[in-house]
$ cat model13.txt   # compact mmCIF, C-alpha atoms
# COMPACT_ATOMS: atom_id res chain seq x y z
CA MET A 2 0.00 0.00 0.00
CA SER A 3 1.55 3.29 -1.06
CA SER A 4 1.92 6.22 1.29
CA LEU A 5 -0.05 9.45 0.97
CA ASN A 6 2.84 11.45 -0.45
CA GLN A 7 6.28 10.43 -1.63
CA ASN A 8 8.48 13.30 -0.41
CA SER A 9 10.26 15.34 -3.04
CA ASN A 10 11.87 18.72 -3.08
CA HIS A 11 8.96 20.02 -5.18
CA ALA A 12 5.89 18.77 -3.29
CA PRO A 13 5.07 20.93 -0.25
CA LEU A 14 5.34 19.35 3.18
CA PHE A 15 4.05 21.06 6.30
CA ALA A 16 4.71 20.61 9.99
CA LEU A 17 2.38 21.97 12.65
CA VAL A 18 4.10 22.53 15.98
CA ASP A 19 1.68 22.97 18.88
CA VAL A 20 2.59 23.54 22.54
CA ASN A 21 0.64 21.18 24.78
CA ASN A 22 -1.74 22.96 27.22
CA PHE A 23 0.21 26.14 26.50
CA TYR A 24 -0.82 28.44 29.37
CA VAL A 25 -0.56 25.65 31.95
CA SER A 26 2.81 24.53 30.53
CA CYS A 27 4.18 28.10 30.77
CA GLU A 28 3.21 28.21 34.45
CA ARG A 29 4.87 24.85 35.12
CA VAL A 30 8.18 25.81 33.47
CA PHE A 31 8.94 28.17 36.37
CA ALA A 32 7.18 26.07 39.02
CA PRO A 33 8.24 22.49 38.21
CA GLN A 34 6.78 21.25 41.48
CA LEU A 35 3.37 21.69 39.80
CA GLU A 36 4.18 19.23 37.01
CA LYS A 37 1.56 16.69 38.13
CA THR A 38 -0.76 19.10 39.94
CA PRO A 39 -4.24 19.49 38.39
CA MET A 40 -4.29 23.08 37.10
CA VAL A 41 -6.50 25.55 35.26
CA VAL A 42 -5.67 29.01 33.97
CA LEU A 43 -8.57 31.44 34.26
CA SER A 44 -9.82 34.14 31.90
CA ASN A 45 -10.01 37.86 32.64
CA ASN A 46 -11.30 38.62 36.13
CA ASP A 47 -10.62 34.98 37.06
CA GLY A 48 -13.87 33.97 35.41
CA CYS A 49 -13.65 30.80 33.29
CA ALA A 50 -11.12 28.07 32.55
CA VAL A 51 -9.24 28.96 29.36
CA ALA A 52 -6.56 26.30 29.80
CA ARG A 53 -6.66 22.94 31.56
CA SER A 54 -3.95 20.49 32.46
CA ALA A 55 -4.30 16.87 31.32
CA GLU A 56 -5.30 15.93 34.87
CA VAL A 57 -8.19 18.42 34.84
CA LYS A 58 -9.32 17.32 31.38
CA ALA A 59 -9.45 13.76 32.68
CA LEU A 60 -11.92 14.94 35.35
CA GLY A 61 -14.30 16.01 32.59
CA VAL A 62 -13.86 19.78 32.98
CA LYS A 63 -14.76 21.52 29.72
CA MET A 64 -13.12 24.59 28.21
CA GLY A 65 -14.88 27.73 29.41
CA THR A 66 -16.26 26.24 32.62
CA PRO A 67 -16.80 29.06 35.17
CA TRP A 68 -14.45 28.83 38.15
CA PHE A 69 -17.25 29.18 40.70
CA GLN A 70 -18.83 26.01 39.28
CA MET A 71 -15.59 24.10 39.77
CA LYS A 72 -14.83 25.01 43.38
CA ASP A 73 -16.27 21.83 44.93
CA LEU A 74 -14.41 19.71 42.38
CA ALA A 75 -11.28 21.77 43.02
CA LYS A 76 -11.43 21.06 46.75
CA GLN A 77 -11.99 17.36 46.11
CA HIS A 78 -9.09 16.94 43.68
CA GLY A 79 -6.76 19.77 44.69
CA ILE A 80 -7.15 21.77 41.47
CA LEU A 81 -4.95 24.86 41.42
CA ALA A 82 -6.31 27.97 39.64
CA CYS A 83 -3.97 30.58 38.14
CA SER A 84 -4.87 34.00 36.78
CA SER A 85 -3.85 34.62 33.16
CA ASN A 86 -0.32 36.00 32.82
CA TYR A 87 -0.43 37.23 29.21
CA THR A 88 2.97 38.92 29.42
CA LEU A 89 4.62 35.60 30.27
CA TYR A 90 2.68 33.66 27.63
CA HIS A 91 3.49 36.15 24.86
CA ASP A 92 7.20 36.08 25.67
CA MET A 93 7.33 32.26 25.79
CA SER A 94 5.46 32.12 22.47
CA GLN A 95 8.06 34.41 20.87
CA ARG A 96 10.87 32.20 22.18
CA VAL A 97 9.30 29.10 20.60
CA VAL A 98 8.91 30.90 17.25
CA GLU A 99 12.56 32.01 17.29
CA ILE A 100 13.66 28.40 17.85
CA LEU A 101 11.47 27.20 14.96
CA ARG A 102 13.03 29.78 12.63
CA GLN A 103 16.34 27.99 13.14
CA PHE A 104 14.88 24.98 11.33
CA THR A 105 13.32 26.83 8.38
CA PRO A 106 12.64 30.45 7.45
CA LYS A 107 9.28 29.42 5.96
CA LEU A 108 7.13 29.80 9.04
CA GLU A 109 3.60 30.99 9.86
CA ALA A 110 2.95 31.82 13.51
CA TYR A 111 -0.69 30.77 13.36
CA SER A 112 -1.57 31.47 17.00
CA VAL A 113 0.11 32.03 20.34
CA ASP A 114 0.81 28.28 20.71
CA GLU A 115 0.80 26.97 17.10
CA SER A 116 3.09 27.47 14.12
CA PHE A 117 3.10 26.01 10.61
CA LEU A 118 6.46 25.25 9.02
CA GLN A 119 7.12 24.36 5.38
CA ILE A 120 9.87 21.78 5.59
CA GLU A 121 10.37 20.01 2.23
CA SER A 122 13.42 22.16 1.39
CA VAL A 123 15.30 21.30 4.62
CA LEU A 124 14.68 17.53 4.79
CA ASN A 125 18.06 16.67 3.26
CA ALA A 126 19.68 17.42 6.62
CA TYR A 127 17.57 14.80 8.40
CA GLU A 128 16.97 11.07 8.12
CA SER A 129 13.22 11.54 7.74
CA PRO A 130 10.42 14.01 8.49
CA THR A 131 9.86 12.18 11.76
CA HIS A 132 13.49 12.72 12.70
CA LEU A 133 13.10 16.45 12.01
CA GLY A 134 9.94 16.55 14.11
CA SER A 135 11.69 14.80 16.97
CA GLU A 136 14.58 17.26 16.78
CA ILE A 137 12.13 20.19 16.96
CA LYS A 138 10.34 18.64 19.92
CA GLN A 139 13.58 17.96 21.81
CA ARG A 140 15.10 21.41 21.20
CA ILE A 141 12.01 23.34 22.31
CA LYS A 142 11.78 21.21 25.44
CA GLN A 143 15.46 21.68 26.21
CA TRP A 144 15.61 25.43 25.53
CA THR A 145 12.23 26.54 26.92
CA GLY A 146 10.93 23.67 29.04
CA LEU A 147 7.72 23.55 26.99
CA PRO A 148 6.31 20.23 25.66
CA VAL A 149 5.16 20.22 22.03
CA CYS A 150 3.61 17.83 19.54
CA VAL A 151 4.42 17.86 15.83
CA GLY A 152 2.11 16.85 12.99
CA ILE A 153 3.59 16.42 9.50
CA ALA A 154 1.66 16.11 6.22
CA PRO A 155 1.50 17.39 2.61
CA SER A 156 -1.23 19.94 3.45
CA LYS A 157 -1.91 22.30 6.36
CA THR A 158 -5.26 20.68 7.20
CA LEU A 159 -3.70 17.22 7.27
CA ALA A 160 -0.84 18.57 9.40
CA LYS A 161 -3.44 19.75 11.93
CA PHE A 162 -4.99 16.28 11.86
CA ALA A 163 -1.56 14.69 12.30
CA ASN A 164 -0.93 16.92 15.30
CA HIS A 165 -4.26 15.82 16.78
CA LEU A 166 -3.16 12.18 16.43
CA ALA A 167 0.24 12.95 17.97
CA LYS A 168 -1.47 14.51 21.02
CA LYS A 169 -4.08 11.82 21.56
CA ASN A 170 -2.00 8.69 20.91
CA PRO A 171 1.18 8.05 22.95
CA SER A 172 2.34 5.53 20.33
CA PHE A 173 3.49 8.44 18.14
CA ASN A 174 5.74 9.81 20.90
CA GLY A 175 4.61 13.34 20.10
CA VAL A 176 5.46 13.27 16.36
CA CYS A 177 3.05 12.00 13.70
CA ASP A 178 4.14 11.96 10.04
CA LEU A 179 1.30 11.22 7.63
CA SER A 180 3.41 11.76 4.51
CA ASN A 181 5.01 8.32 4.83
CA MET A 182 2.10 6.49 6.47
CA PRO A 183 0.50 3.71 4.37
CA LYS A 184 -2.97 4.70 3.18
CA GLN A 185 -4.63 1.75 4.84
CA GLU A 186 -3.22 2.80 8.23
CA LEU A 187 -4.08 6.46 7.61
CA TYR A 188 -7.66 5.59 6.70
CA GLN A 189 -7.96 3.52 9.86
CA TRP A 190 -6.97 6.53 11.96
CA MET A 191 -9.36 8.74 10.00
CA SER A 192 -12.22 6.34 10.64
CA GLU A 193 -11.70 6.70 14.40
CA VAL A 194 -11.80 10.52 14.56
CA SER A 195 -14.95 12.62 14.34
CA ALA A 196 -15.30 15.00 11.39
CA ALA A 197 -15.98 17.72 13.97
CA GLU A 198 -12.28 17.57 14.91
CA VAL A 199 -11.16 18.72 11.46
CA TRP A 200 -9.66 22.21 11.27
CA GLY A 201 -12.27 24.52 9.78
CA VAL A 202 -15.31 22.42 10.69
CA GLY A 203 -17.28 24.41 13.24
CA ARG A 204 -20.18 23.29 15.40
CA LYS A 205 -22.89 24.29 12.88
CA ILE A 206 -21.13 22.62 9.94
CA ALA A 207 -20.53 19.49 12.03
CA LYS A 208 -24.27 19.19 12.68
CA ARG A 209 -25.03 19.53 8.97
CA LEU A 210 -22.41 16.90 8.15
CA GLU A 211 -23.99 14.54 10.69
CA ALA A 212 -27.36 15.00 8.99
CA MET A 213 -25.71 14.05 5.67
CA GLY A 214 -24.27 10.86 7.17
CA ILE A 215 -20.72 12.24 7.35
CA HIS A 216 -19.51 11.27 10.81
CA THR A 217 -15.76 10.68 10.59
CA VAL A 218 -12.74 12.23 8.91
CA LEU A 219 -12.69 9.27 6.53
CA ASP A 220 -16.30 10.01 5.51
CA LEU A 221 -15.22 13.56 4.69
CA VAL A 222 -12.28 12.31 2.61
CA GLN A 223 -14.49 10.00 0.57
CA VAL A 224 -17.24 12.52 -0.24
CA SER A 225 -17.14 14.49 -3.50
CA PRO A 226 -15.43 17.91 -3.06
CA GLN A 227 -17.61 19.33 -5.83
CA MET A 228 -20.76 18.28 -3.97
CA MET A 229 -19.41 19.84 -0.77
CA ARG A 230 -18.86 23.10 -2.65
CA LEU A 231 -22.52 23.14 -3.65
CA GLN A 232 -23.58 22.48 -0.05
CA PHE A 233 -21.08 24.59 1.90
CA GLY A 234 -19.03 26.74 -0.47
CA VAL A 235 -15.42 26.86 -1.61
CA VAL A 236 -13.87 26.77 1.90
CA ILE A 237 -15.15 23.25 2.68
CA GLU A 238 -14.32 22.12 -0.86
CA ARG A 239 -10.70 23.13 -0.27
CA LEU A 240 -10.77 21.36 3.08
CA CYS A 241 -11.81 18.12 1.35
CA TYR A 242 -8.94 18.40 -1.12
CA GLU A 243 -6.54 19.19 1.74
CA LEU A 244 -7.60 16.03 3.56
CA ARG A 245 -6.71 14.10 0.41
CA GLY A 246 -3.18 15.50 0.58
CA ILE A 247 -3.65 18.18 -2.09
CA SER A 248 -2.29 21.47 -0.76
CA CYS A 249 -4.72 24.37 -1.28
CA LEU A 250 -3.73 26.63 1.62
CA ALA A 251 -0.40 28.41 1.25
CA LEU A 252 1.82 29.34 4.15
CA GLU A 253 1.14 32.90 5.33
CA GLU A 254 4.66 33.97 6.26
CA VAL A 255 3.55 37.58 6.77
CA ALA A 256 0.30 38.04 8.66
CA PRO A 257 -2.08 40.44 6.87
CA PRO A 258 -2.77 43.66 8.78
CA LYS A 259 -5.94 43.68 10.84
CA GLN A 260 -8.82 45.78 9.55
CA GLN A 261 -10.13 46.38 13.06
CA ILE A 262 -8.39 46.55 16.42
CA ILE A 263 -10.44 46.10 19.58
CA ALA A 264 -9.15 46.65 23.12
CA SER A 265 -11.51 45.89 25.97
CA ARG A 266 -11.62 44.37 29.46
CA SER A 267 -14.25 43.70 32.07
CA PHE A 268 -13.71 45.59 35.31
CA GLY A 269 -12.57 43.94 38.52
CA LYS A 270 -15.38 45.82 40.27
CA LEU A 271 -18.45 47.66 39.03
CA VAL A 272 -17.66 51.26 38.06
CA LEU A 273 -19.94 54.27 38.57
CA SER A 274 -17.82 57.37 37.94
CA LEU A 275 -16.93 58.99 34.65
CA GLU A 276 -13.35 59.44 35.91
CA GLU A 277 -12.76 55.69 36.29
CA LEU A 278 -14.40 54.93 32.96
CA ALA A 279 -12.13 57.54 31.35
CA GLU A 280 -9.06 55.89 32.86
CA SER A 281 -10.06 52.53 31.43
CA VAL A 282 -10.89 53.96 28.00
CA ALA A 283 -7.54 55.80 27.90
CA THR A 284 -5.74 52.58 28.85
CA HIS A 285 -7.50 50.58 26.14
CA THR A 286 -6.82 53.32 23.59
CA GLY A 287 -3.10 53.22 24.40
CA ARG A 288 -3.02 49.45 23.90
CA ALA A 289 -4.93 49.67 20.60
CA ALA A 290 -2.70 52.48 19.30
CA GLU A 291 0.40 50.42 20.08
CA LYS A 292 -0.98 47.50 18.04
CA LEU A 293 -1.84 49.94 15.26
CA ARG A 294 1.76 51.16 15.06
CA GLU A 295 3.09 47.60 15.19
CA GLN A 296 1.38 46.82 11.89
CA ALA A 297 2.28 50.24 10.37
CA SER A 298 -1.34 51.34 9.96
CA LEU A 299 -3.34 54.51 10.57
CA THR A 300 -6.96 54.77 11.66
CA SER A 301 -9.61 57.24 10.54
CA SER A 302 -12.13 56.50 13.29
CA ILE A 303 -12.31 55.35 16.89
CA SER A 304 -15.37 53.85 18.56
CA VAL A 305 -16.00 53.78 22.31
CA PHE A 306 -18.45 51.46 24.04
CA ILE A 307 -19.60 50.98 27.64
CA GLN A 308 -22.04 48.50 29.20
CA THR A 309 -23.46 47.35 32.50
CA ASN A 310 -23.54 43.73 33.70
CA ILE A 311 -26.28 42.02 31.67
CA PHE A 312 -26.32 39.10 34.09
CA MET A 313 -27.40 41.30 37.01
CA ARG A 314 -31.03 41.46 35.92
CA ASN A 315 -32.19 43.14 39.11
CA GLU A 316 -30.14 46.24 38.25
CA PRO A 317 -30.82 49.00 35.67
CA GLN A 318 -29.18 48.17 32.35
CA TYR A 319 -27.44 50.50 29.91
CA SER A 320 -25.26 49.89 26.88
CA GLN A 321 -24.09 52.48 24.38
CA SER A 322 -21.39 53.14 21.80
CA ILE A 323 -20.26 56.02 19.63
CA GLN A 324 -18.01 56.33 16.56
CA ILE A 325 -15.79 59.38 16.27
CA PRO A 326 -14.29 60.20 12.84
CA LEU A 327 -10.80 61.72 12.75
CA ALA A 328 -9.95 64.78 10.66
CA HIS A 329 -6.70 63.09 9.58
CA PRO A 330 -5.68 59.38 9.78
CA SER A 331 -3.53 58.88 12.89
CA ASP A 332 -1.67 56.40 15.07
CA ASP A 333 -0.89 58.95 17.79
CA THR A 334 -1.91 57.74 21.26
CA LEU A 335 -2.46 61.32 22.46
CA VAL A 336 -4.77 62.20 19.56
CA LEU A 337 -6.74 58.96 19.83
CA THR A 338 -7.06 59.23 23.62
CA GLU A 339 -8.39 62.77 23.37
CA MET A 340 -11.05 61.72 20.86
CA ALA A 341 -11.97 58.57 22.81
CA ILE A 342 -12.57 60.46 26.05
CA LYS A 343 -14.56 63.07 24.14
CA GLY A 344 -16.79 60.29 22.82
CA LEU A 345 -17.09 58.68 26.25
CA LYS A 346 -18.41 61.91 27.74
CA GLU A 347 -21.16 61.97 25.13
CA ILE A 348 -22.49 58.47 25.92
CA TYR A 349 -21.88 58.33 29.68
CA LYS A 350 -24.94 58.34 31.94
CA LYS A 351 -24.95 58.69 35.71
CA GLY A 352 -26.69 56.20 37.96
CA PHE A 353 -25.47 53.01 36.29
CA ARG A 354 -22.88 50.50 37.49
CA TYR A 355 -20.68 49.67 34.53
CA LYS A 356 -19.05 46.28 34.00
CA LYS A 357 -17.08 46.81 30.79
CA ALA A 358 -15.63 49.47 28.50
CA GLY A 359 -13.54 49.37 25.37
CA VAL A 360 -12.47 50.98 22.11
CA MET A 361 -12.34 49.88 18.49
CA LEU A 362 -10.16 51.35 15.74
CA GLY A 363 -11.60 51.15 12.22
CA LEU A 364 -11.30 52.53 8.69
CA MET A 365 -7.64 51.53 8.75
CA THR A 366 -5.08 52.12 6.00
CA ASP A 367 -1.41 51.27 5.54
CA LYS A 368 0.80 54.11 6.71
CA PRO A 369 3.09 54.17 3.61
CA VAL A 370 0.17 54.70 1.20
CA VAL A 371 -1.71 57.43 3.10
CA GLN A 372 -1.65 60.73 1.24
CA GLN A 373 -0.60 63.73 3.32
CA SER A 374 -3.43 66.20 3.90
CA LEU A 375 -3.06 69.72 2.55
CA PHE A 376 -4.28 71.08 5.89
CA GLU A 377 -2.09 68.91 8.18
CA ASP A 378 0.91 70.59 9.79
CA ALA A 379 4.00 68.66 8.62
CA LYS A 380 6.03 69.85 11.62
CA THR A 381 3.39 68.67 14.08
CA ARG A 382 3.11 65.36 12.25
CA GLY A 383 6.88 64.86 12.46
CA GLN A 384 6.85 65.58 16.20
CA SER A 385 4.06 63.05 16.65
CA VAL A 386 5.99 60.35 14.78
CA ARG A 387 9.12 60.93 16.89
CA LEU A 388 7.16 60.97 20.14
CA MET A 389 5.35 57.70 19.38
CA LYS A 390 8.62 56.07 18.32
CA THR A 391 10.19 57.08 21.63
CA LEU A 392 7.13 55.88 23.56
CA ASP A 393 7.22 52.45 21.92
CA SER A 394 10.98 52.17 22.32
CA ILE A 395 10.85 52.82 26.08
CA ASN A 396 7.93 50.45 26.64
CA THR A 397 9.61 47.72 24.60
CA ARG A 398 12.82 48.04 26.59
CA TYR A 399 11.46 48.51 30.10
CA GLY A 400 8.04 46.83 29.91
CA THR A 401 4.50 47.63 28.85
CA HIS A 402 2.97 50.76 30.42
CA THR A 403 6.34 52.04 31.68
CA LEU A 404 5.48 55.28 29.88
CA ARG A 405 1.81 56.13 29.30
CA VAL A 406 -0.52 59.09 29.08
CA ALA A 407 -1.66 60.68 32.36
CA ALA A 408 -5.32 60.05 31.48
CA THR A 409 -4.86 56.35 32.29
CA GLY A 410 -4.62 57.23 35.99
CA THR A 411 -2.36 55.86 38.70
CA ASP A 412 -4.57 53.82 41.05
CA GLN A 413 -6.70 52.01 38.46
CA ALA A 414 -8.91 50.38 41.10
CA TRP A 415 -11.19 49.24 38.26
CA LYS A 416 -8.58 46.87 36.81
CA MET A 417 -9.59 43.25 36.32
CA LYS A 418 -9.04 40.76 39.10
CA SER A 419 -5.86 38.68 38.92
CA GLU A 420 -5.69 37.28 42.42
CA ASN A 421 -3.46 34.32 41.54
CA VAL A 422 -1.23 35.69 38.80
CA SER A 423 2.33 34.37 38.58
CA PRO A 424 5.37 36.68 38.33
CA LYS A 425 6.58 38.08 35.00
CA TYR A 426 9.50 35.68 35.09
CA THR A 427 10.95 36.61 31.69
CA SER A 428 10.15 40.30 31.24
CA ASP A 429 10.61 42.09 34.59
CA TRP A 430 14.01 42.41 36.26
CA ASP A 431 12.38 42.51 39.69
CA GLN A 432 10.51 39.26 39.10
CA LEU A 433 13.23 37.10 37.57
CA PRO A 434 13.33 33.60 39.08
CA SER A 435 16.13 33.12 41.59
CA VAL A 436 18.24 30.05 42.30
CA SER A 437 19.19 29.30 45.88
$ encode --input "model13.txt" --output "structure tokens"
Amino acid sequence: MSSLNQNSNHAPLFALVDVNNFYVSCERVFAPQLEKTPMVVLSNNDGCAVARSAEVKALGVKMGTPWFQMKDLAKQHGILACSSNYTLYHDMSQRVVEILRQFTPKLEAYSVDESFLQIESVLNAYESPTHLGSEIKQRIKQWTGLPVCVGIAPSKTLAKFANHLAKKNPSFNGVCDLSNMPKQELYQWMSEVSAAEVWGVGRKIAKRLEAMGIHTVLDLVQVSPQMMRLQFGVVIERLCYELRGISCLALEEVAPPKQQIIASRSFGKLVLSLEELAESVATHTGRAAEKLREQASLTSSISVFIQTNIFMRNEPQYSQSIQIPLAHPSDDTLVLTEMAIKGLKEIYKKGFRYKKAGVMLGLMTDKPVVQQSLFEDAKTRGQSVRLMKTLDSINTRYGTHTLRVAATGTDQAWKMKSENVSPKYTSDWDQLPSVS
């Protein structure tokens, strides 16, 4: 029985590298005594489980389970809850990506814990794709302490499926290569996995597939792609071809710029005053403007929104938003903050206890292609560019929010709850781990 794809230097071959239980694994790197402790990492305001250790998954805890619903189970099994430490997770993610770039420059950082690599051009240095996958797995573990699984296949969708097999089946030892797997064996694995597990098949599509008698990945492979296009459109048609080993999805080595940037957080306590709402809106605006400059874009509008807690039905409810157009496209934190607070004052109403506020940047354009306005002061624009460059440089070197606008306040009593957050082990000199 022939394999799915005989490797050549011309046929594409993809590897998907995925960090196991990423948030939990990051916490364990700097607290190895927790290696076997049941753990969850909680969402903003310590609300829901956004990451679960293998021990917690084995107890049947689902993703998104509210922490207050787990407290009895936590007492019974000693489950430890950690607040999200996004600074740590982002830094560890960047370290993994830098290691992967040592294996091939053709890389797509798909998410904070997943990266696609195109590897057919570097296979000559290794005995096999599996050997390369094992080398990747070992180096990341040795250099960062993070465990990963590697899925290898001639298409990105199949690489995701291979990674799923590597995670769920210890026999693969963390590396599953479908490119050299006999078809009969591959089809056997496909027959044991639900079609709902396929990358790109959401809950609604999975239900429709069930109604059509398509239950497993193998069923999806054997159905006509042309028929699936008529039923679902071109995206699912491509998925069917990808599952057959025909690459339809290219590697996105450069992420396209976002067309909208949203910055928002729920408050750690309910907020009544305009002053505290303004502090939060200014903080969110600063974060959004920083992301805007990172992708070299300008925005022509900023929207502000505020809302009360919709789950507190015994309290008065209020939710409102406003869009403020800018006279000139900008990425200046000071300009955007001024406009955001102006908008906030227009929609704010006394007498309500607010749970959440945020901003959204829209009508975005690439900075290099924006035409200079006849009425814009070139000198002022140049000062703005230099100021923002200095702001970003200082915050990159010394940590986020080292330098920020005064409107963000100093106390920030409204900030979200993070009662069990771990130290910023890798990004704050005062919180570096010590060895005794």
$ atom_distance --input "model13.txt" --atom1 "atom CA of Asp393 of chain A" --atom2 "atom CA of Val282 of chain A"
19.2 Å
$ closest_atom_pairs --input "model13.txt" --of "segment 149-248 of chain A" --to "segment 16-19 of chain A" --cutoff "12 Å" --atoms "all atoms listed in the file" --output "Markdown table"
| residue | atom | partner | partner_atom | distance |
| --- | --- | --- | --- | --- |
| A:Val149 | CA | A:Asp19 | CA | 5.4 |
| A:Cys150 | CA | A:Asp19 | CA | 5.5 |
| A:Val151 | CA | A:Val18 | CA | 4.7 |
| A:Gly152 | CA | A:Leu17 | CA | 5.1 |
| A:Ile153 | CA | A:Ala16 | CA | 4.4 |
| A:Ala154 | CA | A:Ala16 | CA | 6.6 |
| A:Pro155 | CA | A:Ala16 | CA | 8.7 |
| A:Ser156 | CA | A:Ala16 | CA | 8.9 |
| A:Lys157 | CA | A:Leu17 | CA | 7.6 |
| A:Thr158 | CA | A:Leu17 | CA | 9.5 |
| A:Leu159 | CA | A:Leu17 | CA | 9.4 |
| A:Ala160 | CA | A:Leu17 | CA | 5.7 |
| A:Lys161 | CA | A:Leu17 | CA | 6.3 |
| A:Phe162 | CA | A:Leu17 | CA | 9.3 |
| A:Ala163 | CA | A:Leu17 | CA | 8.3 |
| A:Asn164 | CA | A:Leu17 | CA | 6.6 |
| A:His165 | CA | A:Asp19 | CA | 9.5 |
| A:Leu166 | CA | A:Leu17 | CA | 11.9 |
| A:Ala167 | CA | A:Asp19 | CA | 10.2 |
| A:Lys168 | CA | A:Asp19 | CA | 9.3 |
| A:Gly175 | CA | A:Val18 | CA | 10.1 |
| A:Val176 | CA | A:Val18 | CA | 9.4 |
| A:Cys177 | CA | A:Ala16 | CA | 9.5 |
| A:Asp178 | CA | A:Ala16 | CA | 8.7 |
| A:Leu179 | CA | A:Ala16 | CA | 10.3 |
| A:Ser180 | CA | A:Ala16 | CA | 10.5 |
$ atom_distance --input "model13.txt" --atom1 "atom CA of Val436 of chain A" --atom2 "atom CA of Ser94 of chain A"
23.7 Å
$ atom_distance --input "model13.txt" --atom1 "atom CA of Glu109 of chain A" --atom2 "atom CA of Leu252 of chain A"
6.2 Å
$ closest_residue --input "model13.txt" --among "A:Ser281, A:Lys58, A:Pro424, A:Ser129" --to "Asn181 of chain A" --atoms "all atoms listed in the file"
A:Ser129
$ closest_residue --input "model13.txt" --among "A:Leu299, A:Leu219, A:Val235, A:Val57" --to "Lys368 of chain A" --atoms "all atoms listed in the file"
A:Leu299
